[in-house]
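Next comes data-v4.cif, a file with mmCIF, C-alpha atoms; chains and numbers go by the auth columns.
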data_upload
loop_
_atom_site.group_PDB
_atom_site.id
_atom_site.type_symbol
_atom_site.label_atom_id
_atom_site.label_comp_id
_atom_site.label_asym_id
_atom_site.label_seq_id
_atom_site.Cartn_x
_atom_site.Cartn_y
_atom_site.Cartn_z
_atom_site.B_iso_or_equiv
_atom_site.auth_seq_id
_atom_site.auth_asym_id
ATOM 1 C CA MET A 1 97.809 115.500 90.433 0.00 891 A
ATOM 2 C CA ARG A 2 97.266 112.648 88.028 0.00 892 A
ATOM 3 C CA PRO A 3 95.971 109.416 89.524 0.00 893 A
ATOM 4 C CA LEU A 4 98.098 106.346 89.755 0.00 894 A
ATOM 5 C CA THR A 5 98.948 104.241 86.735 0.00 895 A
ATOM 6 C CA LEU A 6 98.588 100.482 87.044 0.00 896 A
ATOM 7 C CA ASN A 7 100.363 98.043 84.701 0.00 897 A
ATOM 8 C CA THR A 8 100.767 94.266 84.566 0.00 898 A
ATOM 9 C CA PRO A 9 104.255 93.697 83.109 0.00 899 A
ATOM 10 C CA THR A 10 104.184 89.938 83.844 0.00 900 A
ATOM 11 C CA ASP A 11 101.590 87.310 84.758 0.00 901 A
ATOM 12 C CA THR A 12 102.556 87.618 88.422 0.00 902 A
ATOM 13 C CA THR A 13 103.377 91.332 88.756 0.00 903 A
ATOM 14 C CA ILE A 14 101.435 94.547 89.239 0.00 904 A
ATOM 15 C CA GLU A 15 103.293 97.820 88.758 0.00 905 A
ATOM 16 C CA ILE A 16 101.866 101.023 90.242 0.00 906 A
ATOM 17 C CA ILE A 17 103.291 104.423 89.360 0.00 907 A
ATOM 18 C CA ARG A 18 102.346 107.702 91.044 0.00 908 A
ATOM 19 C CA SER A 19 104.022 111.120 91.112 0.00 909 A
ATOM 20 C CA PHE A 20 103.992 113.769 93.834 0.00 910 A
ATOM 21 C CA ASP A 21 104.837 117.476 93.831 0.00 911 A
ATOM 22 C CA ALA A 22 107.490 117.125 96.525 0.00 912 A
ATOM 23 C CA PRO A 23 111.188 116.338 96.820 0.00 913 A
ATOM 24 C CA LYS A 24 112.268 112.709 97.092 0.00 914 A
ATOM 25 C CA SER A 25 113.521 113.150 100.667 0.00 915 A
ATOM 26 C CA LEU A 26 110.038 114.140 101.829 0.00 916 A
ATOM 27 C CA VAL A 27 108.218 111.415 99.893 0.00 917 A
ATOM 28 C CA TRP A 28 110.700 108.874 101.319 0.00 918 A
ATOM 29 C CA ARG A 29 109.993 110.082 104.864 0.00 919 A
ATOM 30 C CA ALA A 30 106.251 109.803 104.208 0.00 920 A
ATOM 31 C CA HIS A 31 106.766 106.143 103.242 0.00 921 A
ATOM 32 C CA THR A 32 109.074 105.217 106.122 0.00 922 A
ATOM 33 C CA GLU A 33 108.093 107.240 109.225 0.00 923 A
ATOM 34 C CA PRO A 34 105.150 105.835 111.219 0.00 924 A
ATOM 35 C CA ASP A 35 103.791 109.231 112.305 0.00 925 A
ATOM 36 C CA LEU A 36 103.512 110.330 108.676 0.00 926 A
ATOM 37 C CA ILE A 37 102.257 106.982 107.339 0.00 927 A
ATOM 38 C CA ARG A 38 99.374 106.972 109.843 0.00 928 A
ATOM 39 C CA ARG A 39 98.252 110.303 108.421 0.00 929 A
ATOM 40 C CA TRP A 40 97.961 109.277 104.772 0.00 930 A
ATOM 41 C CA LEU A 41 97.933 105.496 104.194 0.00 931 A
ATOM 42 C CA THR A 42 94.349 105.123 105.337 0.00 932 A
ATOM 43 C CA GLY A 43 92.571 104.122 102.134 0.00 933 A
ATOM 44 C CA PRO A 44 88.958 105.091 101.539 0.00 934 A
ATOM 45 C CA THR A 45 87.109 107.690 103.599 0.00 935 A
ATOM 46 C CA GLY A 46 86.216 106.370 107.026 0.00 936 A
ATOM 47 C CA HIS A 47 89.296 104.173 107.366 0.00 937 A
ATOM 48 C CA THR A 48 92.028 104.892 109.902 0.00 938 A
ATOM 49 C CA MET A 49 95.409 103.416 110.753 0.00 939 A
ATOM 50 C CA PRO A 50 95.467 102.994 114.537 0.00 940 A
ATOM 51 C CA GLU A 51 98.696 100.984 114.505 0.00 941 A
ATOM 52 C CA CYS A 52 101.869 101.534 112.500 0.00 942 A
ATOM 53 C CA GLU A 53 105.188 100.039 113.571 0.00 943 A
ATOM 54 C CA ILE A 54 108.373 100.185 111.504 0.00 944 A
ATOM 55 C CA ASP A 55 111.881 98.919 112.235 0.00 945 A
ATOM 56 C CA LEU A 56 113.554 100.387 109.136 0.00 946 A
ATOM 57 C CA ARG A 57 116.629 98.197 108.762 0.00 947 A
ATOM 58 C CA ILE A 58 117.455 95.121 106.712 0.00 948 A
ATOM 59 C CA GLY A 59 115.714 92.261 108.508 0.00 949 A
ATOM 60 C CA GLY A 60 113.533 94.727 110.422 0.00 950 A
ATOM 61 C CA ALA A 61 109.789 94.265 110.531 0.00 951 A
ATOM 62 C CA TYR A 62 106.797 96.497 109.959 0.00 952 A
ATOM 63 C CA ARG A 63 103.120 96.175 110.793 0.00 953 A
ATOM 64 C CA TYR A 64 100.156 98.307 109.707 0.00 954 A
ATOM 65 C CA VAL A 65 96.604 97.960 111.041 0.00 955 A
ATOM 66 C CA TRP A 66 93.645 99.612 109.341 0.00 956 A
ATOM 67 C CA ALA A 67 90.243 100.044 110.992 0.00 957 A
ATOM 68 C CA TRP A 68 86.819 100.975 109.674 0.00 958 A
ATOM 69 C CA ASP A 69 83.326 100.478 111.060 0.00 959 A
ATOM 70 C CA ASP A 70 83.769 97.375 113.250 0.00 960 A
ATOM 71 C CA GLN A 71 86.443 95.780 111.058 0.00 961 A
ATOM 72 C CA ARG A 72 90.241 95.607 111.121 0.00 962 A
ATOM 73 C CA MET A 73 92.878 94.419 108.678 0.00 963 A
ATOM 74 C CA ALA A 74 96.636 94.134 109.165 0.00 964 A
ATOM 75 C CA ALA A 75 99.641 93.920 106.853 0.00 965 A
ATOM 76 C CA PHE A 76 103.109 92.957 107.972 0.00 966 A
ATOM 77 C CA GLY A 77 106.478 91.957 106.601 0.00 967 A
ATOM 78 C CA THR A 78 110.212 92.474 106.705 0.00 968 A
ATOM 79 C CA PHE A 79 112.652 94.743 104.916 0.00 969 A
ATOM 80 C CA ARG A 80 115.062 92.860 102.653 0.00 970 A
ATOM 81 C CA GLU A 81 116.909 95.762 101.042 0.00 971 A
ATOM 82 C CA ILE A 82 117.020 99.485 101.813 0.00 972 A
ATOM 83 C CA GLU A 83 118.686 102.158 99.700 0.00 973 A
ATOM 84 C CA THR A 84 117.869 105.376 101.556 0.00 974 A
ATOM 85 C CA GLU A 85 115.690 107.719 99.507 0.00 975 A
ATOM 86 C CA ALA A 86 115.990 105.431 96.466 0.00 976 A
ATOM 87 C CA ARG A 87 114.586 101.912 96.965 0.00 977 A
ATOM 88 C CA LEU A 88 112.860 99.540 99.365 0.00 978 A
ATOM 89 C CA LEU A 89 112.470 95.785 98.929 0.00 979 A
ATOM 90 C CA LEU A 90 110.173 94.129 101.437 0.00 980 A
ATOM 91 C CA THR A 91 107.773 91.285 101.970 0.00 981 A
ATOM 92 C CA GLU A 92 104.074 91.887 102.561 0.00 982 A
ATOM 93 C CA THR A 93 101.443 89.595 104.021 0.00 983 A
ATOM 94 C CA PHE A 94 97.862 90.536 104.879 0.00 984 A
ATOM 95 C CA ASP A 95 96.245 88.829 107.844 0.00 985 A
ATOM 96 C CA ILE A 96 93.186 88.044 105.699 0.00 986 A
ATOM 97 C CA PHE A 97 95.456 86.060 103.319 0.00 987 A
ATOM 98 C CA PRO A 98 98.075 84.637 105.717 0.00 988 A
ATOM 99 C CA ASP A 99 99.415 82.085 103.223 0.00 989 A
ATOM 100 C CA SER A 100 100.172 84.636 100.505 0.00 990 A
ATOM 101 C CA GLU A 101 103.414 86.598 100.804 0.00 991 A
ATOM 102 C CA THR A 102 104.111 89.319 98.243 0.00 992 A
ATOM 103 C CA LEU A 103 107.503 90.762 97.375 0.00 993 A
ATOM 104 C CA VAL A 104 107.209 94.551 97.090 0.00 994 A
ATOM 105 C CA GLU A 105 109.776 96.842 95.503 0.00 995 A
ATOM 106 C CA GLN A 106 109.352 100.614 95.775 0.00 996 A
ATOM 107 C CA ARG A 107 111.599 102.937 93.764 0.00 997 A
ATOM 108 C CA PHE A 108 111.777 106.694 94.366 0.00 998 A
ATOM 109 C CA THR A 109 113.007 109.004 91.604 0.00 999 A
ATOM 110 C CA GLU A 110 113.035 112.792 91.478 0.00 1000 A
ATOM 111 C CA LYS A 111 113.084 115.210 88.569 0.00 1001 A
ATOM 112 C CA ASP A 112 112.671 118.970 88.933 0.00 1002 A
ATOM 113 C CA GLY A 113 111.351 118.672 92.491 0.00 1003 A
ATOM 114 C CA ARG A 114 108.704 116.100 91.531 0.00 1004 A
ATOM 115 C CA THR A 115 109.013 112.565 92.884 0.00 1005 A
ATOM 116 C CA THR A 116 107.741 109.421 91.214 0.00 1006 A
ATOM 117 C CA VAL A 117 107.147 106.281 93.238 0.00 1007 A
ATOM 118 C CA THR A 118 107.136 103.053 91.233 0.00 1008 A
ATOM 119 C CA MET A 119 105.873 100.079 93.213 0.00 1009 A
ATOM 120 C CA SER A 120 106.201 96.558 91.815 0.00 1010 A
ATOM 121 C CA LEU A 121 104.146 93.867 93.541 0.00 1011 A
ATOM 122 C CA HIS A 122 105.405 90.352 92.795 0.00 1012 A
ATOM 123 C CA TYR A 123 102.846 87.634 93.584 0.00 1013 A
ATOM 124 C CA ASP A 124 103.242 83.873 93.925 0.00 1014 A
ATOM 125 C CA SER A 125 100.882 83.124 91.026 0.00 1015 A
ATOM 126 C CA LYS A 126 98.801 84.621 88.237 0.00 1016 A
ATOM 127 C CA GLN A 127 95.689 83.623 90.192 0.00 1017 A
ATOM 128 C CA THR A 128 96.792 85.671 93.208 0.00 1018 A
ATOM 129 C CA ARG A 129 97.715 88.657 91.024 0.00 1019 A
ATOM 130 C CA ASP A 130 94.376 88.484 89.206 0.00 1020 A
ATOM 131 C CA GLY A 131 92.516 88.306 92.519 0.00 1021 A
ATOM 132 C CA VAL A 132 94.247 91.505 93.643 0.00 1022 A
ATOM 133 C CA LEU A 133 93.386 93.156 90.316 0.00 1023 A
ATOM 134 C CA GLN A 134 89.710 92.333 90.922 0.00 1024 A
ATOM 135 C CA SER A 135 89.798 93.926 94.391 0.00 1025 A
ATOM 136 C CA PRO A 136 89.384 97.674 94.983 0.00 1026 A
ATOM 137 C CA MET A 137 93.082 97.890 95.955 0.00 1027 A
ATOM 138 C CA ASP A 138 93.829 100.563 93.354 0.00 1028 A
ATOM 139 C CA GLU A 139 90.928 102.740 94.551 0.00 1029 A
ATOM 140 C CA GLY A 140 92.047 102.488 98.174 0.00 1030 A
ATOM 141 C CA LEU A 141 95.645 103.227 97.243 0.00 1031 A
ATOM 142 C CA GLU A 142 94.687 106.239 95.115 0.00 1032 A
ATOM 143 C CA ALA A 143 92.554 107.551 98.011 0.00 1033 A
ATOM 144 C CA SER A 144 95.632 107.228 100.209 0.00 1034 A
ATOM 145 C CA TYR A 145 97.811 108.941 97.617 0.00 1035 A
ATOM 146 C CA ARG A 146 95.362 111.868 97.517 0.00 1036 A
ATOM 147 C CA ASN A 147 95.808 112.077 101.302 0.00 1037 A
ATOM 148 C CA LEU A 148 99.563 112.132 100.738 0.00 1038 A
ATOM 149 C CA ASP A 149 99.189 114.923 98.153 0.00 1039 A
ATOM 150 C CA ALA A 150 97.486 117.013 100.857 0.00 1040 A
ATOM 151 C CA LEU A 151 99.952 116.048 103.590 0.00 1041 A
ATOM 152 C CA LEU A 152 103.230 116.702 101.749 0.00 1042 A
ATOM 153 C CA PRO A 153 103.110 120.534 101.761 0.00 1043 A
ATOM 154 C CA ALA A 154 102.418 120.518 105.530 0.00 1044 A
ATOM 155 C CA ALA A 155 105.085 117.895 106.302 0.00 1045 A
ATOM 156 C CA VAL A 156 108.043 120.044 105.211 0.00 1046 A
#
Kindly return the structure encoded in the file as structure tokens.
Amino acid sequence: MRPLTLNTPTDTTIEIIRSFDAPKSLVWRAHTEPDLIRRWLTGPTGHTMPECEIDLRIGGAYRYVWAWDDQRMAAFGTFREIETEARLLLTETFDIFPDSETLVEQRFTEKDGRTTVTMSLHYDSKQTRDGVLQSPMDEGLEASYRNLDALLPAAV
């Protein structure tokens, strides 16, 4: 599997593209079902996701909590738009940056049994976007995506 591709199409946007050898229905489930999310969206080795709550409906909320060593970090938000197996639009706020809400769009496309997820992260400013670009976010996300690569064949 090729690693994720990261682009900056605007001064306030990060676009992340990653493909998976699995049908769209399965990749969608892996992004929307708490039991599956807990198994792959853990970031670097040694991190876990002890809490994952999702109310998958427009206006519904979600909350993820990651843990490692003696630390914890949470992300939460609400779903604004849902097109089953095609698109999610949601807000995202991390507890470590409570004043910074991000608008996240995830698009799911399938061709020949291979699914591509395109995630656009829309930040409130160039400064916020650049701060995220300087973080190891892409490394943690790619580690999670490698977990998803391993999980997908078993999740059928």
Please measure the separation of CA of Gln1017 (chain A) and CA of Thr902 (chain A), giving the value in Å to one decimal. 8.1 Å
Spatial neighbours of Leu979 (chain A), 7 Å, all atoms listed in the file, chain gap at least 2 places, as a ChimeraX atom specification: /A:969-972,977,994-996
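Distances from A:Arg928, A:Arg908, A:Lys914, A:Arg962 to Thr1008 (chain A) were compared using all atoms listed in the file, and the smallest one belongs to A:Arg908.
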From the list A:Ala912, A:Glu923, A:Asp989, A:Thr932, which residue is nearest Tyr1035 (chain A) when using only C-alpha atoms? A:Thr932
Protein and nucleic acid residues near (98.5, 106.8, 87.3) (cut-off 6 Å, all atoms listed in the file) as a PyMOL selection string: chain A and resi 893-895+907-908
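CA of Ser1015 (chain A) sits 9.6 Å away from CA of Ser990 (chain A).
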Name the residues that the PyMOL selection byres ((chain A and resi 964) around 8) picks from the file above, as a short mmCIF file (atom, residue, chain, number, x, y, z; two decimals) with C-alpha atoms, in the frame of the given file, using the file's chain letters and numbers.
data_model
loop_
_atom_site.label_atom_id
_atom_site.label_comp_id
_atom_site.auth_asym_id
_atom_site.auth_seq_id
_atom_site.Cartn_x
_atom_site.Cartn_y
_atom_site.Cartn_z
CA ARG A 953 103.12 96.18 110.79
CA TYR A 954 100.16 98.31 109.71
CA VAL A 955 96.60 97.96 111.04
CA TRP A 956 93.64 99.61 109.34
CA ARG A 962 90.24 95.61 111.12
CA MET A 963 92.88 94.42 108.68
CA ALA A 965 99.64 93.92 106.85
CA PHE A 966 103.11 92.96 107.97
CA PHE A 984 97.86 90.54 104.88
CA ASP A 985 96.24 88.83 107.84
CA ILE A 986 93.19 88.04 105.70
#
Who sits within 8 Å of Trp958 (chain A), only C-alpha atoms, same chain under 3 positions skipped, as an MDAnalysis selection string: chainID A and resid 936:938 961:962
Place a sphere of radius 12 Å on (119.4, 94.7, 106.7) in the file coordinates and name every protein, DNA or RNA residue with an atom inside or on its surface, counting all atoms listed in the file; give the answer as a list in words. Asp945, Leu946, Arg947, Ile948, Gly949, Gly950, Ala951, Thr968, Phe969, Arg970, Glu971, Ile972, Glu973, Thr974, Leu978, Leu979 and Leu980 of chain A
Among listed residues A:Leu896, A:Glu943, A:Ser1034, A:Leu1041, nearest Thr922 (chain A) (using only C-alpha atoms):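 Comparing A:Leu896, A:Glu943, A:Ser1034, A:Leu1041 against Thr922 (chain A), the winner is A:Glu943.
Of the residues under consideration (A:Ile906, A:Ile944, A:Ala1033, A:Ala976), A:Ala976 shows the shortest atom-to-atom contact distance to Thr999 (chain A) when counting only C-alpha atoms.
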How about completing region 900-918 of chain A with N, CA and C atoms and giving it to me as a tab-separated table (two decimals), in the coordinates of the input?
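Below is the file part_39.tsv, written as the result:
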chain	number	residue	atom	x	y	z
A	900	THR	N	104.07	91.40	83.95
A	900	THR	CA	104.18	89.94	83.84
A	900	THR	C	102.91	89.32	84.39
A	901	ASP	N	102.78	88.02	84.26
A	901	ASP	CA	101.59	87.31	84.76
A	901	ASP	C	101.49	87.31	86.28
A	902	THR	N	102.57	87.66	86.96
A	902	THR	CA	102.56	87.62	88.42
A	902	THR	C	102.90	88.97	89.06
A	903	THR	N	102.94	90.03	88.24
A	903	THR	CA	103.38	91.33	88.76
A	903	THR	C	102.37	92.42	88.45
A	904	ILE	N	102.18	93.30	89.43
A	904	ILE	CA	101.44	94.55	89.24
A	904	ILE	C	102.44	95.67	89.48
A	905	GLU	N	102.44	96.65	88.60
A	905	GLU	CA	103.29	97.82	88.76
A	905	GLU	C	102.40	99.05	88.91
A	906	ILE	N	102.65	99.82	89.95
A	906	ILE	CA	101.87	101.02	90.24
A	906	ILE	C	102.82	102.21	90.23
A	907	ILE	N	102.46	103.24	89.47
A	907	ILE	CA	103.29	104.42	89.36
A	907	ILE	C	102.46	105.64	89.75
A	908	ARG	N	103.04	106.48	90.60
A	908	ARG	CA	102.35	107.70	91.04
A	908	ARG	C	103.38	108.77	91.32
A	909	SER	N	103.11	110.00	90.90
A	909	SER	CA	104.02	111.12	91.11
A	909	SER	C	103.44	112.10	92.12
A	910	PHE	N	104.36	112.82	92.79
A	910	PHE	CA	103.99	113.77	93.83
A	910	PHE	C	104.79	115.05	93.65
A	911	ASP	N	104.16	116.18	93.92
A	911	ASP	CA	104.84	117.48	93.83
A	911	ASP	C	105.60	117.73	95.13
A	912	ALA	N	106.68	117.00	95.31
A	912	ALA	CA	107.49	117.12	96.52
A	912	ALA	C	108.85	116.49	96.26
A	913	PRO	N	109.86	116.94	96.99
A	913	PRO	CA	111.19	116.34	96.82
A	913	PRO	C	111.22	114.89	97.32
A	914	LYS	N	112.14	114.13	96.75
A	914	LYS	CA	112.27	112.71	97.09
A	914	LYS	C	112.48	112.48	98.58
A	915	SER	N	113.26	113.34	99.23
A	915	SER	CA	113.52	113.15	100.67
A	915	SER	C	112.23	113.18	101.47
A	916	LEU	N	111.30	114.04	101.11
A	916	LEU	CA	110.04	114.14	101.83
A	916	LEU	C	109.11	112.96	101.52
A	917	VAL	N	109.06	112.56	100.26
A	917	VAL	CA	108.22	111.42	99.89
A	917	VAL	C	108.76	110.14	100.55
A	918	TRP	N	110.08	110.02	100.62
A	918	TRP	CA	110.70	108.87	101.32
A	918	TRP	C	110.28	108.85	102.79
